[in-house]
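See structure below.
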Amino acid sequence: MADAGVQLATAADLSEIVRIHRETWRLAYAELLPQEVLDTLDADEAWALTVQSGAVLKATEGDWTVGFVVASKAPDEEVAKADGSLPDDAATTALLSVLVEPRWGRRGHGTRLVAEACARLKESGATRGIAWVPEADKASKSFYERLGWTGDGTVRTLDAGGRPLREIRVSGPLAVRLDA
């Protein structure tokens with residue numbers, strides 16, 4: 001494998017991040033989401049703000065950008081318990097979302113992304129991480145389980161263009177090892 005690394009994404013990486021998001025979701029979630037939802041994934045402005053905020057790390061292999069993670073403090077509505085109350089650690093809970101292009105999968109990029117994001121989050125005072133995963137996405141659930149993250153019993157159902165999309169929330173420590 002060529003040199004692999006993780007760096008902070010910049011405005012120069014925006015087109016690749018948008019492309020990876022769009023193409024990976026269209027491939028991975030074609031059976032879960034309606035085509036009209038998948039067709040709206042080109043929200044460059046939203047991605048530009050997210051990258052500008054410093055919340056996006058990119059994975060590289062050689063000269064290629066192969067994936068990314070978005071990691072930041074979790075908004076209250078994302079970390080709330082099923083009854084709407086906030087857990088004691090709500091102020092120090094981080095929200096992560098990781099995506100690696102399938103053709104670059106199974107090469108450690110996702111684990112490197114999450115490990116680096118967790119290290120940065122811990123430095124800023126975070127104590128725990130959460131992520132939302134479509135219930136039917138066995139690959140993503142398995143990935144998080146290998147990192148020691150498990151479902152915390154909270155589920156939500158999103159309206160995905162008139163089709164319900166059930167997601168589970170996984171939660172885990174910010175002590176992700178690179179050999180996970």
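In the structure tokens, each chain is lettered A, B, ... as it comes, each chain's residues begin at 1, and ligands are numbered from 1 in order of appearance.
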
Inset, instruction - Quick one: pick out all strand (DSSP E) residues within segment 89-159 of chain A from a backbone DSSP run and write them as number ranges by chain. - result: A: 93-100, 128-134, 150-159

Legend entry - 8 Å contact set for Gly151 of chain A, only C-alpha atoms, chain neighbours under 3 positions out, as a ChimeraX atom specification: /A:154,168-171

Selection to disk with N, CA and C atoms, as a short mmCIF file (atom, residue, chain, number, x, y, z; two decimals), in the first residue's frame:
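Once written, out39.cif looks like this:
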```
data_model
loop_
_atom_site.label_atom_id
_atom_site.label_comp_id
_atom_site.auth_asym_id
_atom_site.auth_seq_id
_atom_site.Cartn_x
_atom_site.Cartn_y
_atom_site.Cartn_z
N THR A 154 -30.74 3.62 21.43
CA THR A 154 -31.50 4.73 20.86
C THR A 154 -31.62 4.55 19.36
N ILE A 168 -29.72 3.46 14.01
CA ILE A 168 -29.38 3.18 15.39
C ILE A 168 -28.21 4.08 15.77
N ARG A 169 -28.17 4.44 17.04
CA ARG A 169 -27.04 5.24 17.52
C ARG A 169 -26.05 4.30 18.19
N VAL A 170 -24.80 4.38 17.75
CA VAL A 170 -23.74 3.62 18.40
C VAL A 170 -22.92 4.60 19.21
N SER A 171 -22.32 4.08 20.26
CA SER A 171 -21.57 4.92 21.18
C SER A 171 -20.35 4.15 21.65
#
```

Inset, instruction - Can you check which residues of chain A DSSP gives as alpha helix (DSSP H) on the backbone and send them as a ChimeraX atom specification? - result: /A:14-28,35-38,44-52,76-79,109-123,138-146

Inset, instruction - Mind checking which residues fall within 8 Å of segment 26-35 of chain A, counting only C-alpha atoms, ignoring those fewer than 2 positions away in the same chain, and posting them as a list in words? - result: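 Neighbouring residues, sequence-local ones excluded: Arg22, Glu23, Thr24, Val37, Leu38, Asp39, Ala136, Ala160, Gly161, Arg163 and Leu165 of chain A.
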
Include N, CA, C and O atoms and write out the residues we just selected as a PDB file, in the first residue's frame.
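part02.pdb written:
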```pdb
ATOM      1  N   ARG A  22     -21.130  11.673  -2.300  1.00  0.00           N
ATOM      2  CA  ARG A  22     -22.170  11.389  -3.291  1.00  0.00           C
ATOM      3  C   ARG A  22     -22.044   9.966  -3.849  1.00  0.00           C
ATOM      4  O   ARG A  22     -22.999   9.193  -3.813  1.00  0.00           O
ATOM      5  N   GLU A  23     -20.884   9.617  -4.342  1.00  0.00           N
ATOM      6  CA  GLU A  23     -20.724   8.327  -5.009  1.00  0.00           C
ATOM      7  C   GLU A  23     -20.822   7.147  -4.039  1.00  0.00           C
ATOM      8  O   GLU A  23     -21.395   6.113  -4.377  1.00  0.00           O
ATOM      9  N   THR A  24     -20.273   7.304  -2.847  1.00  0.00           N
ATOM     10  CA  THR A  24     -20.322   6.213  -1.880  1.00  0.00           C
ATOM     11  C   THR A  24     -21.747   5.979  -1.396  1.00  0.00           C
ATOM     12  O   THR A  24     -22.198   4.838  -1.299  1.00  0.00           O
ATOM     13  N   VAL A  37     -33.535  11.306  -3.148  1.00  0.00           N
ATOM     14  CA  VAL A  37     -32.732  11.694  -1.986  1.00  0.00           C
ATOM     15  C   VAL A  37     -31.251  11.618  -2.349  1.00  0.00           C
ATOM     16  O   VAL A  37     -30.469  12.521  -2.056  1.00  0.00           O
ATOM     17  N   LEU A  38     -30.863  10.543  -3.013  1.00  0.00           N
ATOM     18  CA  LEU A  38     -29.468  10.384  -3.421  1.00  0.00           C
ATOM     19  C   LEU A  38     -29.041  11.473  -4.401  1.00  0.00           C
ATOM     20  O   LEU A  38     -27.885  11.883  -4.412  1.00  0.00           O
ATOM     21  N   ASP A  39     -29.989  11.961  -5.196  1.00  0.00           N
ATOM     22  CA  ASP A  39     -29.676  13.012  -6.173  1.00  0.00           C
ATOM     23  C   ASP A  39     -29.444  14.377  -5.530  1.00  0.00           C
ATOM     24  O   ASP A  39     -28.943  15.280  -6.195  1.00  0.00           O
ATOM     25  N   ALA A 136     -29.946  -1.103   8.584  1.00  0.00           N
ATOM     26  CA  ALA A 136     -29.682  -2.131   7.573  1.00  0.00           C
ATOM     27  C   ALA A 136     -28.240  -2.117   7.059  1.00  0.00           C
ATOM     28  O   ALA A 136     -27.858  -2.977   6.275  1.00  0.00           O
ATOM     29  N   ALA A 160     -36.901   9.761   4.567  1.00  0.00           N
ATOM     30  CA  ALA A 160     -35.960   9.821   3.450  1.00  0.00           C
ATOM     31  C   ALA A 160     -36.755   9.864   2.150  1.00  0.00           C
ATOM     32  O   ALA A 160     -36.951   8.865   1.475  1.00  0.00           O
ATOM     33  N   GLY A 161     -37.257  11.045   1.836  1.00  0.00           N
ATOM     34  CA  GLY A 161     -38.023  11.201   0.610  1.00  0.00           C
ATOM     35  C   GLY A 161     -39.285  10.369   0.597  1.00  0.00           C
ATOM     36  O   GLY A 161     -39.648   9.795  -0.429  1.00  0.00           O
ATOM     37  N   ARG A 163     -39.744   7.667   2.338  1.00  0.00           N
ATOM     38  CA  ARG A 163     -39.426   6.305   2.757  1.00  0.00           C
ATOM     39  C   ARG A 163     -38.770   6.379   4.144  1.00  0.00           C
ATOM     40  O   ARG A 163     -37.818   7.124   4.332  1.00  0.00           O
ATOM     41  N   LEU A 165     -36.332   5.676   7.083  1.00  0.00           N
ATOM     42  CA  LEU A 165     -34.979   5.149   7.231  1.00  0.00           C
ATOM     43  C   LEU A 165     -34.699   5.057   8.723  1.00  0.00           C
ATOM     44  O   LEU A 165     -34.589   6.077   9.415  1.00  0.00           O
TER      45      LEU A 165
END
```

Legend entry - Closest of A:Val51, A:Asp76, A:Phe143, A:Thr60 to Asp88 of chain A - atom-to-atom distances counting only C-alpha atoms: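 That would be A:Asp76, the residue with the smallest distance to Asp88 of chain A.
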
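Using only C-alpha atoms, the shortest contact distance between Leu96 of chain A and any of A:Gly62, A:Val79, A:Trp132, A:Thr10 is found at A:Trp132.
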
Legend entry - Polymer residues at most 12 Å from Arg112 of chain A, only C-alpha atoms, same-chain spacing of 3 or more positions, as a PyMOL selection string: chain A and resi 4-7+57-61+66-69+98-100+105-109+115-119+147+176-180

Mind writing the picked residues with C-alpha atoms as a JSON list (two decimals), in the first residue's frame?
```json
[["chain", "number", "residue", "atom", "x", "y", "z"],
["A", 4, "ALA", "CA", -1.49, 6.36, 3.94],
["A", 5, "GLY", "CA", -2.28, 9.30, 6.14],
["A", 6, "VAL", "CA", -4.86, 11.52, 7.75],
["A", 7, "GLN", "CA", -4.87, 15.31, 7.46],
["A", 57, "LEU", "CA", -10.29, 15.09, 8.36],
["A", 58, "LYS", "CA", -9.40, 13.37, 5.10],
["A", 59, "ALA", "CA", -7.74, 10.00, 4.55],
["A", 60, "THR", "CA", -5.18, 9.73, 1.81],
["A", 61, "GLU", "CA", -3.35, 6.94, 0.11],
["A", 66, "VAL", "CA", -9.96, 8.05, -0.18],
["A", 67, "GLY", "CA", -12.30, 8.97, 2.67],
["A", 68, "PHE", "CA", -13.15, 11.43, 5.40],
["A", 69, "VAL", "CA", -14.55, 11.79, 8.89],
["A", 98, "VAL", "CA", -16.91, 8.36, 8.69],
["A", 99, "LEU", "CA", -16.98, 7.42, 5.03],
["A", 100, "VAL", "CA", -14.39, 5.60, 2.93],
["A", 105, "GLY", "CA", -12.06, -0.15, 1.95],
["A", 106, "ARG", "CA", -10.53, -2.79, 4.19],
["A", 107, "ARG", "CA", -7.16, -1.00, 4.15],
["A", 108, "GLY", "CA", -7.36, 0.69, 7.56],
["A", 109, "HIS", "CA", -8.41, 4.12, 6.34],
["A", 115, "ALA", "CA", -8.41, 7.22, 15.69],
["A", 116, "GLU", "CA", -7.10, 10.65, 14.65],
["A", 117, "ALA", "CA", -10.52, 12.27, 15.12],
["A", 118, "CYS", "CA", -10.83, 10.70, 18.59],
["A", 119, "ALA", "CA", -7.36, 11.90, 19.59],
["A", 147, "LEU", "CA", -13.76, -0.19, 17.33],
["A", 176, "VAL", "CA", -9.58, 3.88, 19.26],
["A", 177, "ARG", "CA", -6.45, 1.85, 18.55],
["A", 178, "LEU", "CA", -4.98, 1.65, 15.07],
["A", 179, "ASP", "CA", -4.83, -2.14, 15.24],
["A", 180, "ALA", "CA", -8.61, -2.36, 15.80]]
```

Legend entry - Of the listed residues A:Asp83, A:Asp13, A:Glu45, A:Asp159, that which approaches Thr65 of chain A most closely, counting only C-alpha atoms: A:Asp13

Inset, instruction - Go through A:Leu121, A:Val155, A:Val56, A:Ala131 and flag the residue nearest Glu167 of chain A, using only C-alpha atoms for the distances. - result: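 Among A:Leu121, A:Val155, A:Val56, A:Ala131, it is A:Val155 that comes nearest to Glu167 of chain A.
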
Inset, instruction - Could you check how far atom CA of Leu158 of chain A sits from atom CA of Glu77 of chain A, in Å to one decimal? - result: 13.7 Å

Inset, instruction - Write out as a PyMOL selection string the residues lying within 12 Å of Ala91 of chain A, counting only C-alpha atoms and excluding same-chain residues fewer than 3 positions away. - result: chain A and resi 72-80+86-88+94-95+124-129

Please write the residues from the selection above to a file, keeping N, CA and C atoms, as a PDB file, in the first residue's frame.
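Final output, selection_30.pdb:
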```
ATOM      1  N   SER A  72     -17.139  16.427  15.601  1.00  0.00           N
ATOM      2  CA  SER A  72     -17.298  17.664  16.365  1.00  0.00           C
ATOM      3  C   SER A  72     -18.157  17.378  17.589  1.00  0.00           C
ATOM      4  N   LYS A  73     -18.331  18.387  18.424  1.00  0.00           N
ATOM      5  CA  LYS A  73     -19.215  18.240  19.575  1.00  0.00           C
ATOM      6  C   LYS A  73     -20.602  17.849  19.070  1.00  0.00           C
ATOM      7  N   ALA A  74     -21.208  16.917  19.760  1.00  0.00           N
ATOM      8  CA  ALA A  74     -22.543  16.464  19.369  1.00  0.00           C
ATOM      9  C   ALA A  74     -23.594  17.474  19.803  1.00  0.00           C
ATOM     10  N   PRO A  75     -24.447  17.885  18.865  1.00  0.00           N
ATOM     11  CA  PRO A  75     -25.565  18.755  19.256  1.00  0.00           C
ATOM     12  C   PRO A  75     -26.480  18.019  20.247  1.00  0.00           C
ATOM     13  N   ASP A  76     -27.131  18.762  21.108  1.00  0.00           N
ATOM     14  CA  ASP A  76     -27.997  18.154  22.126  1.00  0.00           C
ATOM     15  C   ASP A  76     -29.004  17.184  21.527  1.00  0.00           C
ATOM     16  N   GLU A  77     -29.603  17.543  20.390  1.00  0.00           N
ATOM     17  CA  GLU A  77     -30.633  16.663  19.826  1.00  0.00           C
ATOM     18  C   GLU A  77     -30.056  15.328  19.333  1.00  0.00           C
ATOM     19  N   GLU A  78     -28.764  15.277  19.067  1.00  0.00           N
ATOM     20  CA  GLU A  78     -28.136  14.026  18.613  1.00  0.00           C
ATOM     21  C   GLU A  78     -27.752  13.118  19.774  1.00  0.00           C
ATOM     22  N   VAL A  79     -27.450  13.701  20.917  1.00  0.00           N
ATOM     23  CA  VAL A  79     -26.983  12.934  22.071  1.00  0.00           C
ATOM     24  C   VAL A  79     -28.090  12.651  23.085  1.00  0.00           C
ATOM     25  N   ALA A  80     -29.252  13.266  22.913  1.00  0.00           N
ATOM     26  CA  ALA A  80     -30.354  13.090  23.866  1.00  0.00           C
ATOM     27  C   ALA A  80     -30.776  11.630  23.959  1.00  0.00           C
ATOM     28  N   LEU A  86     -31.074  14.791  28.510  1.00  0.00           N
ATOM     29  CA  LEU A  86     -29.658  14.733  28.154  1.00  0.00           C
ATOM     30  C   LEU A  86     -28.888  13.893  29.165  1.00  0.00           C
ATOM     31  N   PRO A  87     -27.957  13.067  28.675  1.00  0.00           N
ATOM     32  CA  PRO A  87     -27.128  12.313  29.612  1.00  0.00           C
ATOM     33  C   PRO A  87     -26.158  13.251  30.326  1.00  0.00           C
ATOM     34  N   ASP A  88     -25.593  12.783  31.433  1.00  0.00           N
ATOM     35  CA  ASP A  88     -24.676  13.607  32.213  1.00  0.00           C
ATOM     36  C   ASP A  88     -23.472  14.078  31.399  1.00  0.00           C
ATOM     37  N   ALA A  94     -19.051  13.656  21.535  1.00  0.00           N
ATOM     38  CA  ALA A  94     -18.748  14.052  20.158  1.00  0.00           C
ATOM     39  C   ALA A  94     -19.572  13.225  19.184  1.00  0.00           C
ATOM     40  N   LEU A  95     -19.851  13.802  18.033  1.00  0.00           N
ATOM     41  CA  LEU A  95     -20.580  13.132  16.959  1.00  0.00           C
ATOM     42  C   LEU A  95     -19.604  12.895  15.812  1.00  0.00           C
ATOM     43  N   SER A 124      -9.653  18.197  23.025  1.00  0.00           N
ATOM     44  CA  SER A 124     -10.561  19.334  23.224  1.00  0.00           C
ATOM     45  C   SER A 124     -11.579  19.085  24.340  1.00  0.00           C
ATOM     46  N   GLY A 125     -11.417  17.976  25.084  1.00  0.00           N
ATOM     47  CA  GLY A 125     -12.271  17.721  26.240  1.00  0.00           C
ATOM     48  C   GLY A 125     -13.383  16.717  26.048  1.00  0.00           C
ATOM     49  N   ALA A 126     -13.508  16.136  24.881  1.00  0.00           N
ATOM     50  CA  ALA A 126     -14.563  15.141  24.657  1.00  0.00           C
ATOM     51  C   ALA A 126     -14.219  13.851  25.407  1.00  0.00           C
ATOM     52  N   THR A 127     -15.242  13.146  25.839  1.00  0.00           N
ATOM     53  CA  THR A 127     -15.051  11.914  26.605  1.00  0.00           C
ATOM     54  C   THR A 127     -15.651  10.682  25.949  1.00  0.00           C
ATOM     55  N   ARG A 128     -16.550  10.883  25.011  1.00  0.00           N
ATOM     56  CA  ARG A 128     -17.257   9.757  24.382  1.00  0.00           C
ATOM     57  C   ARG A 128     -17.688  10.174  22.997  1.00  0.00           C
ATOM     58  N   GLY A 129     -17.846   9.185  22.125  1.00  0.00           N
ATOM     59  CA  GLY A 129     -18.310   9.462  20.778  1.00  0.00           C
ATOM     60  C   GLY A 129     -19.601   8.732  20.460  1.00  0.00           C
TER      61      GLY A 129
END
```
